[in-house]
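The file structure.txt comes next; it holds compact mmCIF, C-alpha atoms and all ligand atoms.
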# COMPACT_ATOMS: atom_id res chain seq x y z
CA MET L 9 0.00 0.00 0.00
CA THR L 10 1.16 3.52 -0.79
CA LYS L 11 -0.07 6.70 0.81
CA ASP L 12 -0.75 9.53 -1.61
CA PRO L 13 -0.54 13.20 -0.57
CA THR L 14 -4.29 13.44 -0.15
CA GLY L 15 -4.15 10.76 2.49
CA SER L 16 -5.96 8.03 0.55
CA ARG L 17 -4.46 4.60 0.40
CA GLN L 18 -3.85 2.98 -2.95
CA THR L 19 -2.66 -0.53 -3.67
CA ARG L 20 0.22 -1.19 -6.03
CA HIS L 21 -2.32 -2.77 -8.35
CA GLU L 22 -4.45 0.40 -8.45
CA LEU L 23 -1.36 2.49 -9.07
CA SER L 24 -0.24 0.35 -12.00
CA ASP L 25 -3.78 0.49 -13.46
CA GLN L 26 -3.55 4.27 -13.43
CA ALA L 27 -0.19 4.09 -15.16
CA ALA L 28 -1.67 1.85 -17.83
CA SER L 29 -4.44 4.31 -18.71
CA PRO L 30 -3.04 7.74 -18.01
CA ARG L 31 -5.61 10.41 -17.40
CA PHE L 32 -3.18 13.06 -16.27
CA LEU L 33 -3.39 15.98 -18.62
CA ALA L 34 -3.10 18.75 -16.06
CA SER L 35 0.50 19.39 -17.05
CA ASP L 36 3.37 17.96 -19.03
CA ASN L 37 5.00 17.65 -15.60
CA THR L 38 2.90 14.56 -14.96
CA SER L 39 4.72 12.50 -17.60
CA GLY L 40 7.56 10.12 -16.86
CA ILE L 41 11.12 10.10 -18.18
CA CYS L 42 11.29 9.44 -21.92
CA PRO L 43 13.29 6.36 -23.04
CA GLN L 44 16.14 8.39 -24.56
CA ALA L 45 16.69 10.44 -21.41
CA LEU L 46 16.42 7.32 -19.27
CA GLU L 47 18.95 5.42 -21.37
CA TYR L 48 21.51 8.19 -20.93
CA LEU L 49 20.68 8.49 -17.24
CA LEU L 50 21.42 4.80 -16.76
CA ALA L 51 24.59 5.06 -18.82
CA ALA L 52 25.74 7.90 -16.57
CA ASN L 53 25.21 5.69 -13.54
CA ARG L 54 28.42 3.76 -14.09
CA GLY L 55 31.35 4.37 -11.86
CA ASP L 56 32.49 7.56 -10.17
CA VAL L 57 33.03 10.90 -11.86
CA PRO L 58 34.01 14.36 -10.61
CA ALA L 59 31.22 16.20 -8.78
CA TYR L 60 29.64 19.66 -9.19
CA GLY L 61 29.62 19.66 -12.98
CA ASN L 62 33.30 18.92 -13.49
CA ASP L 63 32.48 15.70 -15.30
CA ASP L 64 32.44 14.66 -18.95
CA TRP L 65 28.66 14.30 -19.12
CA THR L 66 28.20 17.93 -18.19
CA ALA L 67 30.92 19.08 -20.59
CA ARG L 68 29.44 17.03 -23.43
CA ALA L 69 25.90 18.24 -22.78
CA SER L 70 27.07 21.87 -22.69
CA ASN L 71 28.88 21.41 -26.00
CA ARG L 72 25.82 19.81 -27.53
CA PHE L 73 23.79 22.86 -26.51
CA ARG L 74 26.36 25.04 -28.31
CA GLU L 75 25.94 22.92 -31.42
CA LEU L 76 22.16 22.89 -31.14
CA PHE L 77 22.00 26.67 -30.79
CA GLU L 78 24.84 27.19 -33.27
CA THR L 79 26.61 29.66 -31.03
CA ASP L 80 29.15 29.80 -28.24
CA CYS L 81 26.71 30.19 -25.36
CA GLU L 82 27.23 29.67 -21.61
CA VAL L 83 25.20 26.77 -20.21
CA PHE L 84 24.21 26.04 -16.60
CA PHE L 85 21.96 23.37 -15.14
CA VAL L 86 19.54 23.94 -12.28
CA PHE L 87 16.85 21.76 -10.75
CA ASN L 88 13.66 23.50 -11.82
CA GLY L 89 12.04 26.28 -13.80
CA THR L 90 11.36 28.61 -10.91
CA ALA L 91 15.04 28.65 -9.99
CA ALA L 92 16.09 29.03 -13.62
CA ASN L 93 13.83 32.03 -14.17
CA SER L 94 14.51 33.61 -10.78
CA LEU L 95 18.28 33.33 -10.97
CA ALA L 96 18.44 34.41 -14.60
CA LEU L 97 16.33 37.49 -13.86
CA ALA L 98 18.34 38.24 -10.74
CA THR L 99 21.40 38.34 -12.97
CA LEU L 100 19.82 40.92 -15.25
CA CYS L 101 18.57 43.31 -12.57
CA GLN L 102 19.73 45.42 -9.68
CA PRO L 103 17.37 45.27 -6.67
CA TYR L 104 15.92 48.69 -7.57
CA GLN L 105 15.12 47.70 -11.13
CA SER L 106 12.15 45.91 -12.66
CA VAL L 107 11.15 43.20 -15.10
CA ILE L 108 8.22 43.67 -17.46
CA CYS L 109 6.19 40.56 -18.19
CA HIS L 110 2.72 39.43 -19.19
CA GLN L 111 0.14 39.42 -16.43
CA LEU L 112 -0.28 35.66 -16.84
CA ALA L 113 3.47 34.97 -16.82
CA HIS L 114 4.56 32.07 -14.65
CA ILE L 115 7.12 34.37 -12.98
CA GLU L 116 4.24 36.66 -11.97
CA THR L 117 1.60 34.13 -10.95
CA ASP L 118 3.30 30.85 -10.09
CA GLU L 119 6.75 31.35 -8.63
CA CYS L 120 5.83 32.49 -5.16
CA GLY L 121 7.84 35.70 -5.51
CA GLY L 122 11.00 33.79 -6.47
CA PRO L 123 12.28 36.38 -8.99
CA GLU L 124 11.79 39.21 -6.47
CA PHE L 125 13.38 37.16 -3.70
CA PHE L 126 16.48 36.08 -5.61
CA SER L 127 17.00 39.54 -7.11
CA ASN L 128 16.81 41.09 -3.65
CA GLY L 129 13.70 43.07 -4.53
CA ALA L 130 13.58 43.74 -8.26
CA LYS L 131 9.91 44.26 -9.06
CA LEU L 132 7.80 42.55 -11.68
CA LEU L 133 5.63 44.96 -13.68
CA SER L 134 2.91 43.08 -15.52
CA VAL L 135 1.08 44.10 -18.66
CA PRO L 136 -2.02 42.63 -20.33
CA GLY L 137 -1.91 41.24 -23.84
CA ASP L 138 -4.03 39.12 -26.16
CA ASP L 139 -3.41 35.38 -26.33
CA GLY L 140 -0.92 35.47 -23.47
CA LYS L 141 1.54 37.62 -25.42
CA VAL L 142 3.00 41.03 -24.66
CA ALA L 143 2.90 43.65 -27.39
CA PRO L 144 5.79 46.13 -27.85
CA LEU L 145 3.52 49.14 -27.35
CA ASP L 146 2.22 47.91 -24.00
CA VAL L 147 5.73 47.16 -22.77
CA GLU L 148 6.93 50.54 -23.96
CA ARG L 149 4.04 52.29 -22.21
CA MET L 150 5.13 50.63 -18.97
CA VAL L 151 8.74 51.76 -19.52
CA VAL L 152 8.03 55.40 -20.28
CA ARG L 153 5.13 55.77 -17.84
CA ARG L 154 7.43 57.22 -15.22
CA ARG L 155 11.05 58.27 -15.14
CA ASP L 156 11.28 59.55 -11.59
CA ILE L 157 13.34 58.32 -8.66
CA HIS L 158 10.32 56.56 -7.11
CA TYR L 159 9.66 54.18 -10.01
CA PRO L 160 11.36 50.74 -10.20
CA GLN L 161 13.53 51.24 -13.27
CA PRO L 162 12.65 48.77 -16.08
CA ARG L 163 15.69 46.69 -16.92
CA ALA L 164 14.40 43.47 -18.46
CA LEU L 165 11.59 42.08 -20.53
CA SER L 166 10.53 38.51 -19.83
CA ILE L 167 8.58 36.55 -22.43
CA THR L 168 7.36 32.98 -22.36
CA GLN L 169 7.69 30.76 -25.42
CA SER L 170 5.33 28.98 -25.92
CA THR L 171 3.13 31.16 -23.74
CA GLU L 172 1.23 30.22 -20.60
CA VAL L 173 -1.89 29.81 -22.76
CA GLY L 174 -0.23 27.66 -25.39
CA THR L 175 0.28 30.30 -28.06
CA LEU L 176 3.47 31.28 -29.89
CA TYR L 177 5.54 34.35 -30.58
CA ARG L 178 6.55 34.32 -34.25
CA PRO L 179 10.11 35.49 -35.08
CA ASP L 180 8.81 38.83 -36.41
CA GLU L 181 6.99 39.43 -33.11
CA LEU L 182 10.16 38.62 -31.19
CA ALA L 183 12.14 40.95 -33.44
CA ALA L 184 9.68 43.79 -32.79
CA LEU L 185 9.99 43.24 -29.04
CA ARG L 186 13.78 43.22 -29.29
CA GLU L 187 13.79 46.42 -31.30
CA MET L 188 11.67 48.12 -28.62
CA ALA L 189 13.84 46.58 -25.86
CA ASP L 190 16.98 47.99 -27.49
CA ARG L 191 15.47 51.46 -27.62
CA HIS L 192 14.95 51.33 -23.86
CA GLY L 193 18.02 49.40 -22.78
CA LEU L 194 16.10 46.29 -21.70
CA LYS L 195 17.64 42.84 -21.58
CA VAL L 196 15.46 40.01 -22.87
CA HIS L 197 14.76 36.87 -20.85
CA MET L 198 12.81 33.94 -22.26
CA ASP L 199 10.98 31.44 -20.08
CA GLY L 200 11.36 28.42 -22.33
CA ALA L 201 9.41 25.95 -20.23
CA ARG L 202 7.98 24.82 -23.58
CA PHE L 203 10.66 26.18 -25.90
CA ALA L 204 11.00 22.82 -27.65
CA ASN L 205 7.28 22.86 -28.43
CA ALA L 206 7.67 26.31 -29.97
CA CYS L 207 10.59 25.22 -32.21
CA ALA L 208 8.66 22.13 -33.27
CA ALA L 209 5.43 24.01 -33.94
CA LEU L 210 7.09 26.76 -35.96
CA ASP L 211 9.50 24.32 -37.60
CA LEU L 212 12.39 26.60 -36.77
CA PRO L 213 15.86 25.85 -35.38
CA PRO L 214 16.50 26.91 -31.77
CA ARG L 215 18.73 29.81 -32.86
CA ALA L 216 15.85 31.42 -34.78
CA LEU L 217 13.70 31.69 -31.66
CA SER L 218 16.49 32.61 -29.27
CA TRP L 219 19.65 34.64 -29.89
CA GLU L 220 18.83 35.44 -33.50
CA ALA L 221 15.53 36.85 -32.25
CA GLY L 222 17.28 38.90 -29.58
CA VAL L 223 17.01 36.71 -26.50
CA ASP L 224 19.85 37.30 -24.01
CA VAL L 225 19.10 34.42 -21.67
CA LEU L 226 16.88 31.39 -22.17
CA CYS L 227 15.57 29.03 -19.49
CA PHE L 228 15.07 25.80 -21.44
CA SER L 229 13.03 23.10 -19.74
CA GLY L 230 14.10 19.49 -19.81
CA THR L 231 11.48 18.38 -17.31
CA LYS L 232 8.55 19.15 -19.57
CA ASN L 233 10.35 17.65 -22.53
CA GLY L 234 11.10 14.21 -21.05
CA THR L 235 13.73 14.35 -18.31
CA ALA L 236 13.11 13.68 -14.63
CA VAL L 237 14.45 17.01 -13.50
CA GLY L 238 16.67 19.82 -14.66
CA GLU L 239 16.54 22.97 -16.73
CA ALA L 240 19.29 24.56 -18.78
CA VAL L 241 19.96 28.26 -18.30
CA ILE L 242 21.58 29.43 -21.51
CA PHE L 243 23.28 32.81 -21.75
CA PHE L 244 23.77 34.05 -25.30
CA ASP L 245 25.27 37.24 -23.93
CA ARG L 246 28.19 35.57 -22.15
CA GLU L 247 29.04 38.69 -20.21
CA LEU L 248 25.74 38.31 -18.32
CA ALA L 249 26.76 34.84 -17.15
CA ARG L 250 29.62 36.13 -15.04
CA GLY L 251 29.26 34.78 -11.52
CA PHE L 252 26.13 32.78 -12.34
CA GLU L 253 27.66 29.61 -10.90
CA TYR L 254 27.88 31.34 -7.52
CA ARG L 255 24.23 32.35 -7.70
CA CYS L 256 23.35 28.71 -8.37
CA LYS L 257 25.42 27.52 -5.44
CA GLN L 258 24.05 30.14 -3.05
CA ALA L 259 20.48 29.33 -4.08
CA GLY L 260 20.97 25.61 -3.46
CA GLN L 261 20.80 24.91 -7.19
CA LEU L 262 24.28 23.50 -7.78
CA ALA L 263 23.79 19.75 -8.14
CA SER L 264 26.70 17.82 -6.69
CA LYS L 265 25.86 14.85 -8.94
CA MET L 266 25.40 17.12 -11.94
CA ARG L 267 25.89 14.26 -14.40
CA PHE L 268 22.38 13.02 -13.63
CA ILE L 269 20.89 16.27 -14.92
CA ALA L 270 23.34 16.64 -17.80
CA ALA L 271 23.24 13.09 -19.17
CA PRO L 272 19.46 12.95 -19.80
CA TRP L 273 19.76 16.33 -21.55
CA LEU L 274 22.53 14.86 -23.68
CA GLY L 275 20.17 12.00 -24.50
CA LEU L 276 17.44 14.42 -25.59
CA ILE L 277 19.80 16.36 -27.82
CA GLU L 278 21.90 13.55 -29.33
CA THR L 279 18.88 11.44 -30.26
CA GLY L 280 16.79 14.39 -31.41
CA ALA L 281 14.15 13.47 -28.83
CA TRP L 282 14.00 17.09 -27.64
CA CYS L 283 12.28 17.79 -30.96
CA THR L 284 10.39 14.56 -31.67
CA ASN L 285 8.91 14.61 -28.16
CA ALA L 286 7.66 18.14 -28.77
CA VAL L 287 6.35 17.32 -32.25
CA HIS L 288 4.34 14.48 -30.74
CA ALA L 289 2.99 16.53 -27.82
CA ASN L 290 1.94 19.31 -30.20
CA ALA L 291 0.23 16.82 -32.52
CA MET L 292 -1.76 15.37 -29.61
CA ALA L 293 -2.85 18.88 -28.56
CA ARG L 294 -3.95 19.62 -32.12
CA HIS L 295 -5.90 16.37 -32.16
CA LEU L 296 -7.59 17.35 -28.92
CA GLY L 297 -8.33 20.88 -30.14
CA THR L 298 -9.85 19.60 -33.37
CA GLY L 299 -11.89 17.00 -31.50
CA LEU L 300 -13.27 19.63 -29.12
CA GLU L 301 -14.27 21.79 -32.07
CA GLN L 302 -16.10 18.84 -33.54
CA LEU L 303 -18.01 18.65 -30.26
CA GLY L 304 -19.00 22.28 -30.69
CA LEU L 305 -16.44 23.72 -28.25
CA THR L 306 -14.05 26.41 -29.40
CA PRO L 307 -10.71 26.39 -27.58
CA MET L 308 -10.21 29.64 -25.67
CA PHE L 309 -6.88 30.29 -27.41
CA PRO L 310 -5.43 29.15 -30.72
CA VAL L 311 -3.96 25.69 -30.20
CA GLN L 312 -0.41 26.33 -31.39
CA ALA L 313 1.79 24.19 -29.12
CA ASN L 314 0.95 21.45 -26.58
CA ALA L 315 -1.75 23.08 -24.43
CA VAL L 316 -5.49 23.32 -24.96
CA PHE L 317 -7.77 25.58 -22.93
CA VAL L 318 -11.51 25.13 -23.09
CA ASP L 319 -14.46 26.62 -21.29
CA LEU L 320 -16.41 23.65 -19.95
CA PRO L 321 -19.63 23.87 -17.94
CA ALA L 322 -18.98 23.13 -14.24
CA LYS L 323 -21.03 19.94 -14.38
CA ALA L 324 -19.05 18.65 -17.35
CA GLN L 325 -15.84 19.41 -15.46
CA ARG L 326 -17.16 17.45 -12.51
CA TYR L 327 -18.04 14.56 -14.80
CA LEU L 328 -14.51 14.47 -16.19
CA LYS L 329 -12.98 14.64 -12.74
CA ASP L 330 -15.18 11.77 -11.61
CA LYS L 331 -13.89 9.83 -14.58
CA GLY L 332 -10.37 10.38 -13.28
CA TRP L 333 -9.17 13.10 -15.67
CA THR L 334 -6.87 15.66 -14.16
CA PHE L 335 -6.70 19.17 -15.54
CA TYR L 336 -6.11 22.62 -14.13
CA THR L 337 -8.67 25.40 -13.99
CA PHE L 338 -6.60 28.10 -12.30
CA ILE L 339 -4.21 28.95 -15.12
CA GLY L 340 -4.70 31.84 -17.49
CA ASP L 341 -8.19 33.30 -17.54
CA GLY L 342 -9.89 30.18 -16.23
CA GLY L 343 -11.23 27.34 -18.34
CA ALA L 344 -9.93 23.80 -18.25
CA ARG L 345 -6.30 23.38 -19.30
CA PHE L 346 -5.13 20.15 -20.87
CA VAL L 347 -1.44 19.75 -21.66
CA CYS L 348 -0.04 16.99 -23.83
CA ALA L 349 3.41 15.50 -23.34
CA TRP L 350 5.84 13.17 -25.10
CA ASP L 351 3.87 10.16 -23.84
CA THR L 352 0.30 11.34 -24.40
CA SER L 353 -1.34 8.75 -26.60
CA LYS L 354 -3.96 9.29 -29.28
CA GLU L 355 -6.07 6.70 -27.44
CA ALA L 356 -5.96 8.81 -24.28
CA VAL L 357 -7.02 11.92 -26.20
CA ASP L 358 -9.84 10.00 -27.90
CA ALA L 359 -10.98 8.66 -24.53
CA LEU L 360 -10.98 12.18 -23.12
CA LEU L 361 -13.00 13.46 -26.08
CA GLU L 362 -15.50 10.66 -25.58
CA ASP L 363 -15.87 11.63 -21.92
CA VAL L 364 -16.22 15.31 -22.84
CA ARG L 365 -18.99 14.34 -25.25
CA ALA L 366 -20.76 12.34 -22.53
CA GLY L 367 -20.18 15.10 -19.99
CA LEU L 368 -21.74 17.69 -22.30
CA ALA L 369 -24.71 15.45 -23.02
CA GLY L 370 -25.21 15.14 -19.27
CA VAL L 371 -25.68 18.91 -18.97
CA GLY L 372 -27.93 19.06 -22.00
CA MET L 373 -25.33 20.60 -24.30
CA GLN L 374 -25.77 19.20 -27.74
CA SER L 375 -22.46 18.33 -29.36
CA ALA L 376 -21.98 18.89 -33.05
CA GLY L 377 -20.22 15.61 -33.69
C1 LIG Y 401 5.51 28.74 -18.18
C2 LIG Y 401 6.25 28.01 -17.09
N1 LIG Y 401 7.43 28.48 -16.66
C3 LIG Y 401 8.15 27.84 -15.74
C4 LIG Y 401 7.72 26.66 -15.18
C5 LIG Y 401 8.63 25.95 -14.22
O1 LIG Y 401 8.13 25.65 -13.02
P1 LIG Y 401 8.82 24.66 -11.96
O2 LIG Y 401 9.55 25.52 -11.02
O3 LIG Y 401 7.66 23.99 -11.36
O4 LIG Y 401 9.75 23.73 -12.68
C6 LIG Y 401 6.48 26.14 -15.56
C7 LIG Y 401 5.96 24.92 -14.92
O5 LIG Y 401 4.83 24.57 -14.94
C8 LIG Y 401 5.73 26.83 -16.54
O6 LIG Y 401 4.55 26.36 -16.96

Have the structure of the file written as structure tokens, please.
Amino acid sequence: MTKDPTGSRQTRHELSDQAASPRFLASDNTSGICPQALEYLLAANRGDVPAYGNDDWTARASNRFRELFETDCEVFFVFNGTAANSLALATLCQPYQSVICHQLAHIETDECGGPEFFSNGAKLLSVPGDDGKVAPLDVERMVVRRRDIHYPQPRALSITQSTEVGTLYRPDELAALREMADRHGLKVHMDGARFANACAALDLPPRALSWEAGVDVLCFSGTKNGTAVGEAVIFFDRELARGFEYRCKQAGQLASKMRFIAAPWLGLIETGAWCTNAVHANAMARHLGTGLEQLGLTPMFPVQANAVFVDLPAKAQRYLKDKGWTFYTFIGDGGARFVCAWDTSKEAVDALLEDVRAGLAGVGMQSAG
């Protein structure tokens, strides 16, 4: 018997049943380790190697990132996305400065004040924007609004790619943001929790959505892409990376057994799984979005990456929850969020659609299909 965090007791048999028919679409964090990452993790588990990142796995993974991004970037590994974003932003800002971001940005709504804490007080200034994206004019308005001594001086722009609502910034949109950022001396940070999904969806190489598009520092998630743990913080402006290793250490983010973060990343990059995993997750989200439309439901945002948001009647939500589906309703502007991952199967999406259809019928909503 195993005790879950809610206090209920589940047998091993019940747990393996759940694993056999996954109904966890609340986040791509619910998925396991993909085979490629696992294979490299196991390979790294042979013998002893130097600690704290002074090992070959870490060196090889860092070099592979340089090849993948086609530039001589600085690469660091931390445990999670909150630390990656917080420490990267802390590097960009003095405590009296500020970071402009979308009002739905993870750094604003879901990091428990981490960026402010690690920057010793730099303030987040949030702006609205359609489809989870910031527009240059809105950012600029926030910059020029005040110039006086009392205002937290804007120093960085943070954008999320793909966004918190599963939409994408195209390269021309990124270029326009960079142009505005340059006019106001802002550094550009990208929360790339789903950066791989963006590259896959736009069919663009990583460089086109990062340094070529004006990003100074990218937090690239491995966890959501198929590793167990670990994000890469990639500085394209190497000058900004000075001292970053000390920030990681001070924040408790320097892994002593770094090889176990680096090796799975190496697996993702060397096998191409970083991209094929994202292609698959995006395809499953498209399948879900199309299926919902056939049921007469329009997703709340264009389905461009691996997330689908839909406004479901409360009773239909209840029905799905009773059927064991997990999804979030607190992200973005409400609605049910379903996120597909490298291991989301077409069968699971079809089963979900069937339950949505039944759930809608139960509340008297006629489905189109
Ligand atoms: C947009 C975004 N950024 C960052 C993160 C990283 O969060 P964590 O600290 O849980 O790894 C997440 C995780 O859900 C996310 O969705």

Would you mind listing what lies within 9 Å of stretch 159-169 of chain L as a tab-separated table (two decimals) with C-alpha atoms, in the coordinates of the input, with all atoms listed in the file counted and same-chain residues fewer than 4 positions away left out?
chain	number	residue	atom	x	y	z
L	97	LEU	CA	16.33	37.49	-13.86
L	100	LEU	CA	19.82	40.92	-15.25
L	101	CYS	CA	18.57	43.31	-12.57
L	102	GLN	CA	19.73	45.42	-9.68
L	103	PRO	CA	17.37	45.27	-6.67
L	104	TYR	CA	15.92	48.69	-7.57
L	105	GLN	CA	15.12	47.70	-11.13
L	106	SER	CA	12.15	45.91	-12.66
L	107	VAL	CA	11.15	43.20	-15.10
L	108	ILE	CA	8.22	43.67	-17.46
L	109	CYS	CA	6.19	40.56	-18.19
L	110	HIS	CA	2.72	39.43	-19.19
L	113	ALA	CA	3.47	34.97	-16.82
L	114	HIS	CA	4.56	32.07	-14.65
L	115	ILE	CA	7.12	34.37	-12.98
L	130	ALA	CA	13.58	43.74	-8.26
L	131	LYS	CA	9.91	44.26	-9.06
L	133	LEU	CA	5.63	44.96	-13.68
L	140	GLY	CA	-0.92	35.47	-23.47
L	141	LYS	CA	1.54	37.62	-25.42
L	142	VAL	CA	3.00	41.03	-24.66
L	147	VAL	CA	5.73	47.16	-22.77
L	150	MET	CA	5.13	50.63	-18.97
L	151	VAL	CA	8.74	51.76	-19.52
L	154	ARG	CA	7.43	57.22	-15.22
L	155	ARG	CA	11.05	58.27	-15.14
L	174	GLY	CA	-0.23	27.66	-25.39
L	175	THR	CA	0.28	30.30	-28.06
L	176	LEU	CA	3.47	31.28	-29.89
L	177	TYR	CA	5.54	34.35	-30.58
L	185	LEU	CA	9.99	43.24	-29.04
L	189	ALA	CA	13.84	46.58	-25.86
L	192	HIS	CA	14.95	51.33	-23.86
L	193	GLY	CA	18.02	49.40	-22.78
L	194	LEU	CA	16.10	46.29	-21.70
L	195	LYS	CA	17.64	42.84	-21.58
L	196	VAL	CA	15.46	40.01	-22.87
L	197	HIS	CA	14.76	36.87	-20.85
L	198	MET	CA	12.81	33.94	-22.26
L	199	ASP	CA	10.98	31.44	-20.08
L	200	GLY	CA	11.36	28.42	-22.33
L	201	ALA	CA	9.41	25.95	-20.23
L	202	ARG	CA	7.98	24.82	-23.58
L	203	PHE	CA	10.66	26.18	-25.90
L	204	ALA	CA	11.00	22.82	-27.65
L	205	ASN	CA	7.28	22.86	-28.43
L	206	ALA	CA	7.67	26.31	-29.97
L	217	LEU	CA	13.70	31.69	-31.66

Selected residue, from L:Leu274, L:Val237, L:Leu328, L:Met308, that lies nearest to L:Trp65 when counting all atoms listed in the file:
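Of L:Leu274, L:Val237, L:Leu328, L:Met308, the one nearest L:Trp65 is L:Leu274, counting all atoms listed in the file.
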
Check which residues of chain L sit at most 10 Å from ligand LIG 401 (chain Y) using all atoms listed in the file, and return one row each with the closest pair of atoms and their distance in Å to one decimal, ordered by chain and rising number, as a Markdown table.
| residue | atom | partner | partner_atom | distance |
| --- | --- | --- | --- | --- |
| L:Ala34 | CA | Y:LIG401 | O5 | 9.9 |
| L:Ser35 | CA | Y:LIG401 | O5 | 7.1 |
| L:Asp36 | CA | Y:LIG401 | O5 | 7.9 |
| L:Asn37 | CA | Y:LIG401 | O5 | 7.0 |
| L:Val86 | CA | Y:LIG401 | O4 | 9.8 |
| L:Phe87 | CA | Y:LIG401 | O4 | 7.6 |
| L:Asn88 | CA | Y:LIG401 | O4 | 4.0 |
| L:Gly89 | CA | Y:LIG401 | C5 | 3.5 |
| L:Thr90 | CA | Y:LIG401 | O2 | 3.6 |
| L:Ala91 | CA | Y:LIG401 | O2 | 6.4 |
| L:Ala92 | CA | Y:LIG401 | O2 | 7.9 |
| L:Asn93 | CA | Y:LIG401 | C3 | 7.2 |
| L:Ser94 | CA | Y:LIG401 | O2 | 9.5 |
| L:Leu112 | CA | Y:LIG401 | C1 | 9.1 |
| L:Ala113 | CA | Y:LIG401 | C1 | 6.7 |
| L:His114 | CA | Y:LIG401 | C1 | 4.9 |
| L:Ile115 | CA | Y:LIG401 | N1 | 7.0 |
| L:Glu116 | CA | Y:LIG401 | N1 | 10.0 |
| L:Thr117 | CA | Y:LIG401 | C1 | 9.8 |
| L:Asp118 | CA | Y:LIG401 | O1 | 7.7 |
| L:Glu119 | CA | Y:LIG401 | O2 | 6.9 |
| L:Cys120 | CA | Y:LIG401 | O2 | 9.8 |
| L:Gly122 | CA | Y:LIG401 | O2 | 9.5 |
| L:Ile167 | CA | Y:LIG401 | C1 | 9.4 |
| L:Thr168 | CA | Y:LIG401 | C1 | 6.2 |
| L:Gln169 | CA | Y:LIG401 | C1 | 7.8 |
| L:Ser170 | CA | Y:LIG401 | C1 | 7.7 |
| L:Thr171 | CA | Y:LIG401 | C1 | 6.5 |
| L:Glu172 | CA | Y:LIG401 | C1 | 5.1 |
| L:Val173 | CA | Y:LIG401 | C1 | 8.8 |
| L:Gly174 | CA | Y:LIG401 | C1 | 9.3 |
| L:Met198 | CA | Y:LIG401 | N1 | 9.5 |
| L:Asp199 | CA | Y:LIG401 | N1 | 5.7 |
| L:Gly200 | CA | Y:LIG401 | N1 | 6.9 |
| L:Ala201 | CA | Y:LIG401 | N1 | 4.8 |
| L:Arg202 | CA | Y:LIG401 | C1 | 7.1 |
| L:Phe203 | CA | Y:LIG401 | C1 | 9.6 |
| L:Cys227 | CA | Y:LIG401 | C3 | 8.4 |
| L:Phe228 | CA | Y:LIG401 | C3 | 9.2 |
| L:Ser229 | CA | Y:LIG401 | C5 | 7.6 |
| L:Gly230 | CA | Y:LIG401 | O4 | 9.4 |
| L:Thr231 | CA | Y:LIG401 | O4 | 7.3 |
| L:Lys232 | CA | Y:LIG401 | C7 | 7.9 |
| L:Val237 | CA | Y:LIG401 | O4 | 8.2 |
| L:Gly238 | CA | Y:LIG401 | O4 | 8.2 |
| L:Glu239 | CA | Y:LIG401 | O4 | 7.9 |
| L:Ile339 | CA | Y:LIG401 | O6 | 9.3 |

Give me the residues near L:Leu320 as a PyMOL selection string, where near means some atom within 7 Å (using only C-alpha atoms) and where sequence neighbours in that chain fewer than 4 positions away do not count.
chain L and resi 324-325+343-344

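Among the candidates L:Leu360, L:Val241, L:Ala349, L:Ala208, the residue lying nearest to L:Glu253 is L:Val241 (atoms considered: all atoms listed in the file).
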
Hey, which of L:Ile157, L:Cys81, L:Leu276, L:Ala281 ends up closest to L:Val223? Count only C-alpha atoms.
L:Cys81

Would you kindly return, as a PyMOL selection string, each protein, DNA or RNA residue with an atom no farther than 12 Å from any atom of L:Glu301, considering only C-alpha atoms and excluding same-chain residues fewer than 2 positions away?
chain L and resi 294-299+303-308+310-311+316-319+361+364-365+375-377

Distance query 9 Å from (15.8, 14.7, -26.7) using all atoms listed in the file, result as number ranges by chain:
L: 42, 44-45, 230, 233-235, 272-285

Between atom CA of L:Pro214 and atom CA of L:Glu82, what distance in Å does the model show, to one decimal?
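Between atom CA of L:Pro214 and atom CA of L:Glu82 the gap works out to 15.0 Å.
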
Let me make sure I understand: among L:Asn71, L:Asn290, L:Thr99, L:Gln261, which one has the smallest atom-to-atom distance to L:Leu248 if we use only C-alpha atoms?
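Result for the nearest residue to L:Leu248: L:Thr99.
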
Can you tell me, as JSON, the centre and edge lengths (Å, one decimal) of the axis-aligned box enclosing all of stretch 351-364 of chain L's listed atoms after padding each side by 4 Å?
{"center_x": -6.2, "center_y": 11.0, "center_z": -25.6, "size_x": 28.1, "size_y": 16.6, "size_z": 15.4}

Coordinates-based distance that separates atom CA of L:Asn128 from atom CA of L:Ala259 (Å, one decimal):
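One can read the atom CA of L:Ala259 to atom CA of L:Asn128 distance as 12.3 Å.
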
One decimal place gives the atom CA of L:Val225-atom CA of L:Phe244 separation as 5.9 Å
